[in-house]
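Worksheet for the structure shown next.
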Amino acid sequence: MTRLPDFRLETYFSRWEFTARHHLTASDAQTVTLSELLALADPGDLHAWETLSFGYTETFGDPALRQAIAGTYAHVDADDVICFTGAQEALYLAMHVLLGPADHAVVVTPNYQSAETVPLSLCEVSGVALDPDDDWALDLERVVAALRPNTRVLSVNFPNNPTGTLVDAADFARLAQLCDERGIHLFSDEVYRGLELDPSRTLPQAAELSERALSLNVTSKSLGLPGLRLGWIACRDREVRSRLERAKHYTTICNAAPSEVLARIAVKARDRILERNRAVIAANLPAFDTFFAEFGELFEWRAPDGGCVAYPRYLGTDGVERFCAELVEQAGVLLLPASIYRSELTPTPGDRFRLGVGRRDPGPALDAFAAWLRGRR
């Protein structure tokens, strides 16, 4: 096994996330408070919270939570769901379950770093890059060309982090079909599902399209509950689910009981939380449009198709790495430069930065950002 490299995003955040005055690159939607969440609970879940016992929980996850999660899918039962401590544990264990030294994986780039570094620690991996010159489109022919006889996993993420792009539902269904025809597991990171700018473009979940596919989701992103550390995989392949449970015995064993009850409340109230968070994004986007219009000579801006992150281009001659470093050091505004999203698999643009649009009241951050830019003119 190859040793995993430092996680660039988390290393960068460990320096700046809680010290910068303005966190303008947050990857989660507006955070839900405990009181707000409990106000959404039905009487049974509120009683479960108030009488909670701090014992061990089931490795697969609380049965009532798994039932609630299954209710968000069209063709998934509670037995098809296994819960994890966040999406990161789920991704890490899934790759270890699905891949071995003789295997091959294909990963779409750019991506959340572990989507490629975990497979790379296990086997050969090929990348297929979204096209930055075509609104981050995915070329299905390039995906097909990357597949090999020993390909076991195709890993995708839509709405994409960091670009915010979506593919068409027909193309997504074709990806699932391609995988089924070749005995490949489609691993679909769906953590931003529900925050589409145009709800008609919401993709089906991969686990609904194929019994072999794995749908990854979490309470952290679209629901704004990262502190719960509660994620899950839905998969109708019983053998894969069994192997995931056995792998989890070597990591967290089970989830935190309070998180499971609170996650159950959130999943049941999912529609209301998502409606609120979509409204926050819709209210924020005009402010970002206005900001980037003022500084059009410095940026190329495109609002995300879905999710709450975007990936604008920086046009300044100093380069995006220096730009982001000086911005946080001098103005206290935190962005993530392109180096955080560089790939070992494909070329990735070096002139981008990640921006978060899902938190309430970005005005103070944008004001500080704009004042700093004006001072450099």
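Numbering starts fresh at 1 for the residues of each chain in the structure tokens, the chains themselves are lettered A, B, ... in the order given, and ligands are numbered from 1 as they appear.
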- Task: Just the residues within 7 Å of A:Gly127, please, counting only C-alpha atoms, with nothing from its chain fewer than 2 positions along; format it as a VMD selection string.
- Result: chain A and resid 106 to 109 125 129 345 to 346
Next on the checklist: List the spatial neighbours of stretch 242-251 of chain A as a PyMOL selection string - criterion: any atom at most 7 Å away, only C-alpha atoms, same-chain residues fewer than 6 positions off excluded.
Outcome noted: chain A and resi 59-60+93-94+97
Find the residues near A:Gly71: any atom within 12 Å, counting only C-alpha atoms, skip ones fewer than 4 places away on the same chain, and give them as a PDB file with all heavy atoms, in the first residue's frame.
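Written file, selection-v8.pdb:
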ATOM      1  N   ALA A  64     -33.927   3.228  12.627  1.00  0.00           N
ATOM      2  CA  ALA A  64     -34.880   4.291  12.279  1.00  0.00           C
ATOM      3  C   ALA A  64     -34.230   5.346  11.390  1.00  0.00           C
ATOM      4  O   ALA A  64     -34.882   5.913  10.505  1.00  0.00           O
ATOM      5  CB  ALA A  64     -35.439   4.928  13.547  1.00  0.00           C
ATOM      6  N   LEU A  65     -32.947   5.621  11.603  1.00  0.00           N
ATOM      7  CA  LEU A  65     -32.228   6.552  10.736  1.00  0.00           C
ATOM      8  C   LEU A  65     -32.089   5.970   9.339  1.00  0.00           C
ATOM      9  O   LEU A  65     -32.328   6.664   8.332  1.00  0.00           O
ATOM     10  CB  LEU A  65     -30.848   6.853  11.319  1.00  0.00           C
ATOM     11  CG  LEU A  65     -29.896   7.640  10.411  1.00  0.00           C
ATOM     12  CD1 LEU A  65     -30.482   9.000  10.040  1.00  0.00           C
ATOM     13  CD2 LEU A  65     -28.527   7.808  11.092  1.00  0.00           C
ATOM     14  N   ARG A  66     -31.741   4.707   9.256  1.00  0.00           N
ATOM     15  CA  ARG A  66     -31.599   4.070   7.942  1.00  0.00           C
ATOM     16  C   ARG A  66     -32.933   4.034   7.206  1.00  0.00           C
ATOM     17  O   ARG A  66     -32.982   4.200   5.979  1.00  0.00           O
ATOM     18  CB  ARG A  66     -31.027   2.665   8.106  1.00  0.00           C
ATOM     19  CG  ARG A  66     -29.583   2.671   8.626  1.00  0.00           C
ATOM     20  CD  ARG A  66     -29.167   1.314   9.124  1.00  0.00           C
ATOM     21  NE  ARG A  66     -29.136   0.336   8.051  1.00  0.00           N
ATOM     22  CZ  ARG A  66     -29.322  -0.974   8.249  1.00  0.00           C
ATOM     23  NH1 ARG A  66     -29.569  -1.431   9.467  1.00  0.00           N
ATOM     24  NH2 ARG A  66     -29.248  -1.802   7.237  1.00  0.00           N
ATOM     25  N   GLN A  67     -34.015   3.850   7.937  1.00  0.00           N
ATOM     26  CA  GLN A  67     -35.341   3.884   7.317  1.00  0.00           C
ATOM     27  C   GLN A  67     -35.650   5.275   6.782  1.00  0.00           C
ATOM     28  O   GLN A  67     -36.181   5.433   5.674  1.00  0.00           O
ATOM     29  CB  GLN A  67     -36.405   3.476   8.333  1.00  0.00           C
ATOM     30  CG  GLN A  67     -37.803   3.344   7.752  1.00  0.00           C
ATOM     31  CD  GLN A  67     -37.906   2.233   6.731  1.00  0.00           C
ATOM     32  OE1 GLN A  67     -37.547   1.085   7.016  1.00  0.00           O
ATOM     33  NE2 GLN A  67     -38.390   2.545   5.542  1.00  0.00           N
ATOM     34  N   HIS A  75     -35.772   3.589  -4.930  1.00  0.00           N
ATOM     35  CA  HIS A  75     -35.657   2.131  -5.022  1.00  0.00           C
ATOM     36  C   HIS A  75     -34.645   1.581  -4.019  1.00  0.00           C
ATOM     37  O   HIS A  75     -33.918   0.637  -4.321  1.00  0.00           O
ATOM     38  CB  HIS A  75     -35.256   1.721  -6.443  1.00  0.00           C
ATOM     39  CG  HIS A  75     -36.147   2.261  -7.511  1.00  0.00           C
ATOM     40  ND1 HIS A  75     -37.456   1.884  -7.644  1.00  0.00           N
ATOM     41  CD2 HIS A  75     -35.914   3.175  -8.491  1.00  0.00           C
ATOM     42  CE1 HIS A  75     -37.997   2.528  -8.658  1.00  0.00           C
ATOM     43  NE2 HIS A  75     -37.096   3.315  -9.189  1.00  0.00           N
ATOM     44  N   VAL A  76     -34.592   2.170  -2.834  1.00  0.00           N
ATOM     45  CA  VAL A  76     -33.642   1.750  -1.813  1.00  0.00           C
ATOM     46  C   VAL A  76     -34.403   1.445  -0.527  1.00  0.00           C
ATOM     47  O   VAL A  76     -35.264   2.218  -0.104  1.00  0.00           O
ATOM     48  CB  VAL A  76     -32.594   2.858  -1.560  1.00  0.00           C
ATOM     49  CG1 VAL A  76     -31.808   2.597  -0.277  1.00  0.00           C
ATOM     50  CG2 VAL A  76     -31.634   2.964  -2.745  1.00  0.00           C
ATOM     51  N   ASP A  77     -34.102   0.300   0.088  1.00  0.00           N
ATOM     52  CA  ASP A  77     -34.685  -0.071   1.374  1.00  0.00           C
ATOM     53  C   ASP A  77     -33.714   0.261   2.508  1.00  0.00           C
ATOM     54  O   ASP A  77     -32.521   0.500   2.267  1.00  0.00           O
ATOM     55  CB  ASP A  77     -34.988  -1.570   1.401  1.00  0.00           C
ATOM     56  CG  ASP A  77     -36.029  -1.971   0.369  1.00  0.00           C
ATOM     57  OD1 ASP A  77     -36.953  -1.170   0.114  1.00  0.00           O
ATOM     58  OD2 ASP A  77     -35.904  -3.083  -0.186  1.00  0.00           O
ATOM     59  N   ALA A  78     -34.218   0.227   3.725  1.00  0.00           N
ATOM     60  CA  ALA A  78     -33.367   0.516   4.883  1.00  0.00           C
ATOM     61  C   ALA A  78     -32.174  -0.432   4.943  1.00  0.00           C
ATOM     62  O   ALA A  78     -31.068  -0.034   5.344  1.00  0.00           O
ATOM     63  CB  ALA A  78     -34.188   0.427   6.172  1.00  0.00           C
ATOM     64  N   ASP A  79     -32.379  -1.687   4.532  1.00  0.00           N
ATOM     65  CA  ASP A  79     -31.285  -2.660   4.553  1.00  0.00           C
ATOM     66  C   ASP A  79     -30.193  -2.329   3.540  1.00  0.00           C
ATOM     67  O   ASP A  79     -29.094  -2.896   3.615  1.00  0.00           O
ATOM     68  CB  ASP A  79     -31.819  -4.061   4.273  1.00  0.00           C
ATOM     69  CG  ASP A  79     -32.561  -4.659   5.451  1.00  0.00           C
ATOM     70  OD1 ASP A  79     -32.450  -4.105   6.559  1.00  0.00           O
ATOM     71  OD2 ASP A  79     -33.262  -5.670   5.257  1.00  0.00           O
ATOM     72  N   ASP A  80     -30.484  -1.436   2.593  1.00  0.00           N
ATOM     73  CA  ASP A  80     -29.503  -1.046   1.579  1.00  0.00           C
ATOM     74  C   ASP A  80     -28.618   0.107   2.042  1.00  0.00           C
ATOM     75  O   ASP A  80     -27.763   0.568   1.271  1.00  0.00           O
ATOM     76  CB  ASP A  80     -30.218  -0.626   0.286  1.00  0.00           C
ATOM     77  CG  ASP A  80     -31.061  -1.733  -0.304  1.00  0.00           C
ATOM     78  OD1 ASP A  80     -30.670  -2.912  -0.171  1.00  0.00           O
ATOM     79  OD2 ASP A  80     -32.120  -1.419  -0.887  1.00  0.00           O
ATOM     80  N   VAL A  81     -28.800   0.577   3.259  1.00  0.00           N
ATOM     81  CA  VAL A  81     -28.098   1.758   3.768  1.00  0.00           C
ATOM     82  C   VAL A  81     -27.155   1.358   4.895  1.00  0.00           C
ATOM     83  O   VAL A  81     -27.525   0.585   5.781  1.00  0.00           O
ATOM     84  CB  VAL A  81     -29.102   2.814   4.287  1.00  0.00           C
ATOM     85  CG1 VAL A  81     -28.365   4.005   4.913  1.00  0.00           C
ATOM     86  CG2 VAL A  81     -30.026   3.277   3.168  1.00  0.00           C
ATOM     87  N   ALA A 234     -25.648   4.249   0.214  1.00  0.00           N
ATOM     88  CA  ALA A 234     -26.775   3.417  -0.209  1.00  0.00           C
ATOM     89  C   ALA A 234     -26.298   2.542  -1.358  1.00  0.00           C
ATOM     90  O   ALA A 234     -25.731   3.038  -2.332  1.00  0.00           O
ATOM     91  CB  ALA A 234     -27.956   4.272  -0.640  1.00  0.00           C
ATOM     92  N   ARG A 264     -31.451  11.738  12.195  1.00  0.00           N
ATOM     93  CA  ARG A 264     -32.788  11.227  11.869  1.00  0.00           C
ATOM     94  C   ARG A 264     -33.786  12.382  11.757  1.00  0.00           C
ATOM     95  O   ARG A 264     -34.603  12.433  10.832  1.00  0.00           O
ATOM     96  CB  ARG A 264     -33.213  10.241  12.947  1.00  0.00           C
ATOM     97  CG  ARG A 264     -34.424   9.425  12.607  1.00  0.00           C
ATOM     98  CD  ARG A 264     -34.511   8.270  13.564  1.00  0.00           C
ATOM     99  NE  ARG A 264     -35.081   8.616  14.848  1.00  0.00           N
ATOM    100  CZ  ARG A 264     -34.777   8.001  16.004  1.00  0.00           C
ATOM    101  NH1 ARG A 264     -33.857   7.059  16.024  1.00  0.00           N
ATOM    102  NH2 ARG A 264     -35.369   8.339  17.115  1.00  0.00           N
ATOM    103  N   VAL A 267     -32.913  14.337   8.450  1.00  0.00           N
ATOM    104  CA  VAL A 267     -33.300  13.650   7.216  1.00  0.00           C
ATOM    105  C   VAL A 267     -34.809  13.698   7.027  1.00  0.00           C
ATOM    106  O   VAL A 267     -35.310  13.911   5.911  1.00  0.00           O
ATOM    107  CB  VAL A 267     -32.775  12.199   7.215  1.00  0.00           C
ATOM    108  CG1 VAL A 267     -33.345  11.415   6.044  1.00  0.00           C
ATOM    109  CG2 VAL A 267     -31.248  12.195   7.159  1.00  0.00           C
ATOM    110  N   LYS A 268     -35.555  13.520   8.101  1.00  0.00           N
ATOM    111  CA  LYS A 268     -37.014  13.599   8.002  1.00  0.00           C
ATOM    112  C   LYS A 268     -37.469  15.014   7.621  1.00  0.00           C
ATOM    113  O   LYS A 268     -38.496  15.182   6.950  1.00  0.00           O
ATOM    114  CB  LYS A 268     -37.661  13.178   9.317  1.00  0.00           C
ATOM    115  CG  LYS A 268     -37.570  11.697   9.616  1.00  0.00           C
ATOM    116  CD  LYS A 268     -38.271  11.375  10.926  1.00  0.00           C
ATOM    117  CE  LYS A 268     -38.257   9.891  11.240  1.00  0.00           C
ATOM    118  NZ  LYS A 268     -38.946   9.583  12.518  1.00  0.00           N
ATOM    119  N   ALA A 269     -36.719  16.027   8.081  1.00  0.00           N
ATOM    120  CA  ALA A 269     -37.056  17.424   7.776  1.00  0.00           C
ATOM    121  C   ALA A 269     -36.270  17.940   6.581  1.00  0.00           C
ATOM    122  O   ALA A 269     -36.163  19.145   6.373  1.00  0.00           O
ATOM    123  CB  ALA A 269     -36.786  18.296   9.003  1.00  0.00           C
ATOM    124  N   ARG A 270     -35.731  17.022   5.799  1.00  0.00           N
ATOM    125  CA  ARG A 270     -34.828  17.367   4.706  1.00  0.00           C
ATOM    126  C   ARG A 270     -35.415  18.403   3.760  1.00  0.00           C
ATOM    127  O   ARG A 270     -34.736  19.354   3.381  1.00  0.00           O
ATOM    128  CB  ARG A 270     -34.482  16.079   3.954  1.00  0.00           C
ATOM    129  CG  ARG A 270     -33.608  16.225   2.731  1.00  0.00           C
ATOM    130  CD  ARG A 270     -33.324  14.852   2.137  1.00  0.00           C
ATOM    131  NE  ARG A 270     -32.480  14.952   0.962  1.00  0.00           N
ATOM    132  CZ  ARG A 270     -32.932  15.154  -0.272  1.00  0.00           C
ATOM    133  NH1 ARG A 270     -34.237  15.286  -0.461  1.00  0.00           N
ATOM    134  NH2 ARG A 270     -32.103  15.225  -1.287  1.00  0.00           N
ATOM    135  N   ASP A 271     -36.662  18.241   3.367  1.00  0.00           N
ATOM    136  CA  ASP A 271     -37.248  19.159   2.386  1.00  0.00           C
ATOM    137  C   ASP A 271     -37.269  20.589   2.907  1.00  0.00           C
ATOM    138  O   ASP A 271     -36.990  21.533   2.154  1.00  0.00           O
ATOM    139  CB  ASP A 271     -38.660  18.707   2.019  1.00  0.00           C
ATOM    140  CG  ASP A 271     -38.676  17.428   1.188  1.00  0.00           C
ATOM    141  OD1 ASP A 271     -37.619  17.077   0.633  1.00  0.00           O
ATOM    142  OD2 ASP A 271     -39.733  16.781   1.109  1.00  0.00           O
TER     143      ASP A 271
END
DSSP on the backbone, helix (DSSP H, G or I) only: what residues of stretch 168-337 of chain A does that give? Format it as a PyMOL selection string.
chain A and resi 169-182+199-201+206-209+226-228+238-248+257-268+270-294+320-331
Q. Hey, what's within 8 Å of stretch 48-50 of chain A if we count only C-alpha atoms and toss same-chain stuff fewer than 4 positions away? As a PyMOL selection string, please?
A. chain A and resi 44+258+261-262
Output file for the residues above (N, CA and C atoms, as an mmCIF file, in the first residue's frame):
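That gives us out_13.cif:
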data_model
loop_
_atom_site.group_PDB
_atom_site.id
_atom_site.type_symbol
_atom_site.label_atom_id
_atom_site.label_comp_id
_atom_site.auth_asym_id
_atom_site.auth_seq_id
_atom_site.Cartn_x
_atom_site.Cartn_y
_atom_site.Cartn_z
ATOM 1 N N GLY A 44 -41.956 11.642 18.466
ATOM 2 C CA GLY A 44 -41.192 10.438 18.741
ATOM 3 C C GLY A 44 -39.699 10.683 18.764
ATOM 4 N N PRO A 258 -25.932 10.348 19.828
ATOM 5 C CA PRO A 258 -26.608 11.643 19.659
ATOM 6 C C PRO A 258 -26.677 12.078 18.201
ATOM 7 N N VAL A 261 -29.582 10.297 16.304
ATOM 8 C CA VAL A 261 -30.922 10.823 16.565
ATOM 9 C C VAL A 261 -31.112 12.160 15.865
ATOM 10 N N LEU A 262 -30.110 13.033 15.979
ATOM 11 C CA LEU A 262 -30.209 14.347 15.346
ATOM 12 C C LEU A 262 -30.227 14.228 13.824
#
_atom CA of A:Leu46 to atom CA of A:Gly358, distance in Å rounded to a single decimal_ =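 We find that atom CA of A:Leu46 and atom CA of A:Gly358 lie 27.9 Å from each other.
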Shortest contact to A:Thr252, candidates A:Thr72, A:Asn217, A:Ser14, A:Thr57, atoms counted only C-alpha atoms, goes to A:Thr57
Set the distance at 9 Å and use only C-alpha atoms: which residues neighbour A:His22 once local chain neighbours fewer than 5 positions away are removed? I'd like the list as a PyMOL selection string. chain A and resi 17+328+331-334+362+364-366+368
>> Just the number, please: distance in Å from atom CA of A:Leu138 to atom CA of A:Thr202, one decimal.
In response: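 These atoms are spaced 16.4 Å apart.
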Computed interatomic separation between atom CA of A:Glu190 and atom CA of A:Thr151 (Å):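 A separation of 21.5 Å between them.
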Quick one: residues within 12 Å of A:Phe291, only C-alpha atoms, excluding same-chain residues fewer than 2 positions away - as a PyMOL selection string? chain A and resi 284-289+293-301+362-363+365-371+373-374
Go ahead and write the selection's residues with N, CA, C and O atoms as a tab-separated table (two decimals), in the first residue's frame.
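New file part-v3.tsv:
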chain	number	residue	atom	x	y	z
A	284	ASN	N	-28.00	35.03	-2.10
A	284	ASN	CA	-26.58	35.42	-2.12
A	284	ASN	C	-26.05	35.68	-3.52
A	284	ASN	O	-25.19	36.55	-3.72
A	285	LEU	N	-26.52	34.93	-4.50
A	285	LEU	CA	-25.90	34.99	-5.83
A	285	LEU	C	-25.90	36.39	-6.45
A	285	LEU	O	-24.90	36.78	-7.08
A	286	PRO	N	-26.96	37.21	-6.30
A	286	PRO	CA	-26.87	38.57	-6.85
A	286	PRO	C	-25.73	39.38	-6.26
A	286	PRO	O	-25.12	40.20	-6.97
A	287	ALA	N	-25.42	39.18	-4.97
A	287	ALA	CA	-24.31	39.90	-4.36
A	287	ALA	C	-22.98	39.49	-4.99
A	287	ALA	O	-22.10	40.33	-5.23
A	288	PHE	N	-22.83	38.20	-5.28
A	288	PHE	CA	-21.61	37.74	-5.94
A	288	PHE	C	-21.56	38.23	-7.38
A	288	PHE	O	-20.49	38.61	-7.88
A	289	ASP	N	-22.71	38.24	-8.06
A	289	ASP	CA	-22.74	38.77	-9.43
A	289	ASP	C	-22.28	40.23	-9.45
A	289	ASP	O	-21.49	40.63	-10.32
A	293	ALA	N	-18.86	41.64	-11.19
A	293	ALA	CA	-19.04	42.62	-12.27
A	293	ALA	C	-18.15	43.84	-12.05
A	293	ALA	O	-17.61	44.41	-13.02
A	294	GLU	N	-17.98	44.25	-10.80
A	294	GLU	CA	-17.12	45.40	-10.52
A	294	GLU	C	-15.67	45.12	-10.85
A	294	GLU	O	-14.93	46.02	-11.27
A	295	PHE	N	-15.26	43.89	-10.67
A	295	PHE	CA	-13.85	43.53	-10.87
A	295	PHE	C	-13.70	42.56	-12.06
A	295	PHE	O	-12.95	41.58	-11.99
A	296	GLY	N	-14.41	42.88	-13.12
A	296	GLY	CA	-14.41	42.01	-14.29
A	296	GLY	C	-13.06	41.84	-14.94
A	296	GLY	O	-12.80	40.83	-15.62
A	297	GLU	N	-12.16	42.81	-14.72
A	297	GLU	CA	-10.82	42.70	-15.30
A	297	GLU	C	-9.96	41.68	-14.56
A	297	GLU	O	-8.91	41.24	-15.06
A	298	LEU	N	-10.42	41.26	-13.36
A	298	LEU	CA	-9.63	40.35	-12.53
A	298	LEU	C	-10.19	38.93	-12.48
A	298	LEU	O	-9.46	38.00	-12.13
A	299	PHE	N	-11.48	38.77	-12.81
A	299	PHE	CA	-12.12	37.48	-12.59
A	299	PHE	C	-13.03	37.09	-13.74
A	299	PHE	O	-13.62	37.94	-14.40
A	300	GLU	N	-13.14	35.77	-13.96
A	300	GLU	CA	-14.22	35.19	-14.75
A	300	GLU	C	-15.10	34.41	-13.78
A	300	GLU	O	-14.64	33.48	-13.12
A	301	TRP	N	-16.36	34.79	-13.72
A	301	TRP	CA	-17.28	34.25	-12.70
A	301	TRP	C	-18.39	33.45	-13.37
A	301	TRP	O	-18.97	33.87	-14.36
A	362	PRO	N	-23.07	37.15	3.12
A	362	PRO	CA	-21.68	37.26	2.68
A	362	PRO	C	-21.22	38.70	2.53
A	362	PRO	O	-20.07	38.94	2.18
A	363	GLY	N	-22.11	39.65	2.81
A	363	GLY	CA	-21.80	41.06	2.61
A	363	GLY	C	-20.52	41.54	3.27
A	363	GLY	O	-19.66	42.15	2.60
A	365	ALA	N	-17.86	39.92	4.19
A	365	ALA	CA	-16.70	39.31	3.54
A	365	ALA	C	-16.46	39.94	2.18
A	365	ALA	O	-15.31	40.26	1.82
A	366	LEU	N	-17.51	40.14	1.40
A	366	LEU	CA	-17.36	40.74	0.08
A	366	LEU	C	-16.93	42.20	0.19
A	366	LEU	O	-16.14	42.69	-0.64
A	367	ASP	N	-17.41	42.90	1.23
A	367	ASP	CA	-16.98	44.29	1.43
A	367	ASP	C	-15.49	44.36	1.73
A	367	ASP	O	-14.77	45.22	1.19
A	368	ALA	N	-15.01	43.46	2.61
A	368	ALA	CA	-13.58	43.44	2.94
A	368	ALA	C	-12.76	43.05	1.71
A	368	ALA	O	-11.68	43.62	1.47
A	369	PHE	N	-13.25	42.11	0.93
A	369	PHE	CA	-12.60	41.66	-0.29
A	369	PHE	C	-12.51	42.83	-1.28
A	369	PHE	O	-11.44	43.14	-1.83
A	370	ALA	N	-13.62	43.52	-1.48
A	370	ALA	CA	-13.66	44.63	-2.44
A	370	ALA	C	-12.77	45.79	-2.00
A	370	ALA	O	-12.06	46.39	-2.82
A	371	ALA	N	-12.79	46.11	-0.71
A	371	ALA	CA	-11.96	47.21	-0.21
A	371	ALA	C	-10.48	46.90	-0.45
A	371	ALA	O	-9.70	47.79	-0.82
A	373	LEU	N	-9.23	44.91	-2.78
A	373	LEU	CA	-8.96	45.00	-4.23
A	373	LEU	C	-8.85	46.46	-4.70
A	373	LEU	O	-7.99	46.80	-5.49
A	374	ARG	N	-9.74	47.31	-4.20
A	374	ARG	CA	-9.69	48.71	-4.59
A	374	ARG	C	-8.39	49.35	-4.14
A	374	ARG	O	-7.83	50.20	-4.82
Taking only C-alpha atoms into account, which of A:Asp42, A:Gly306, A:Tyr112, A:Thr31 comes nearest A:Arg342?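 Of the candidates, the smallest distance to A:Arg342 is held by A:Tyr112.
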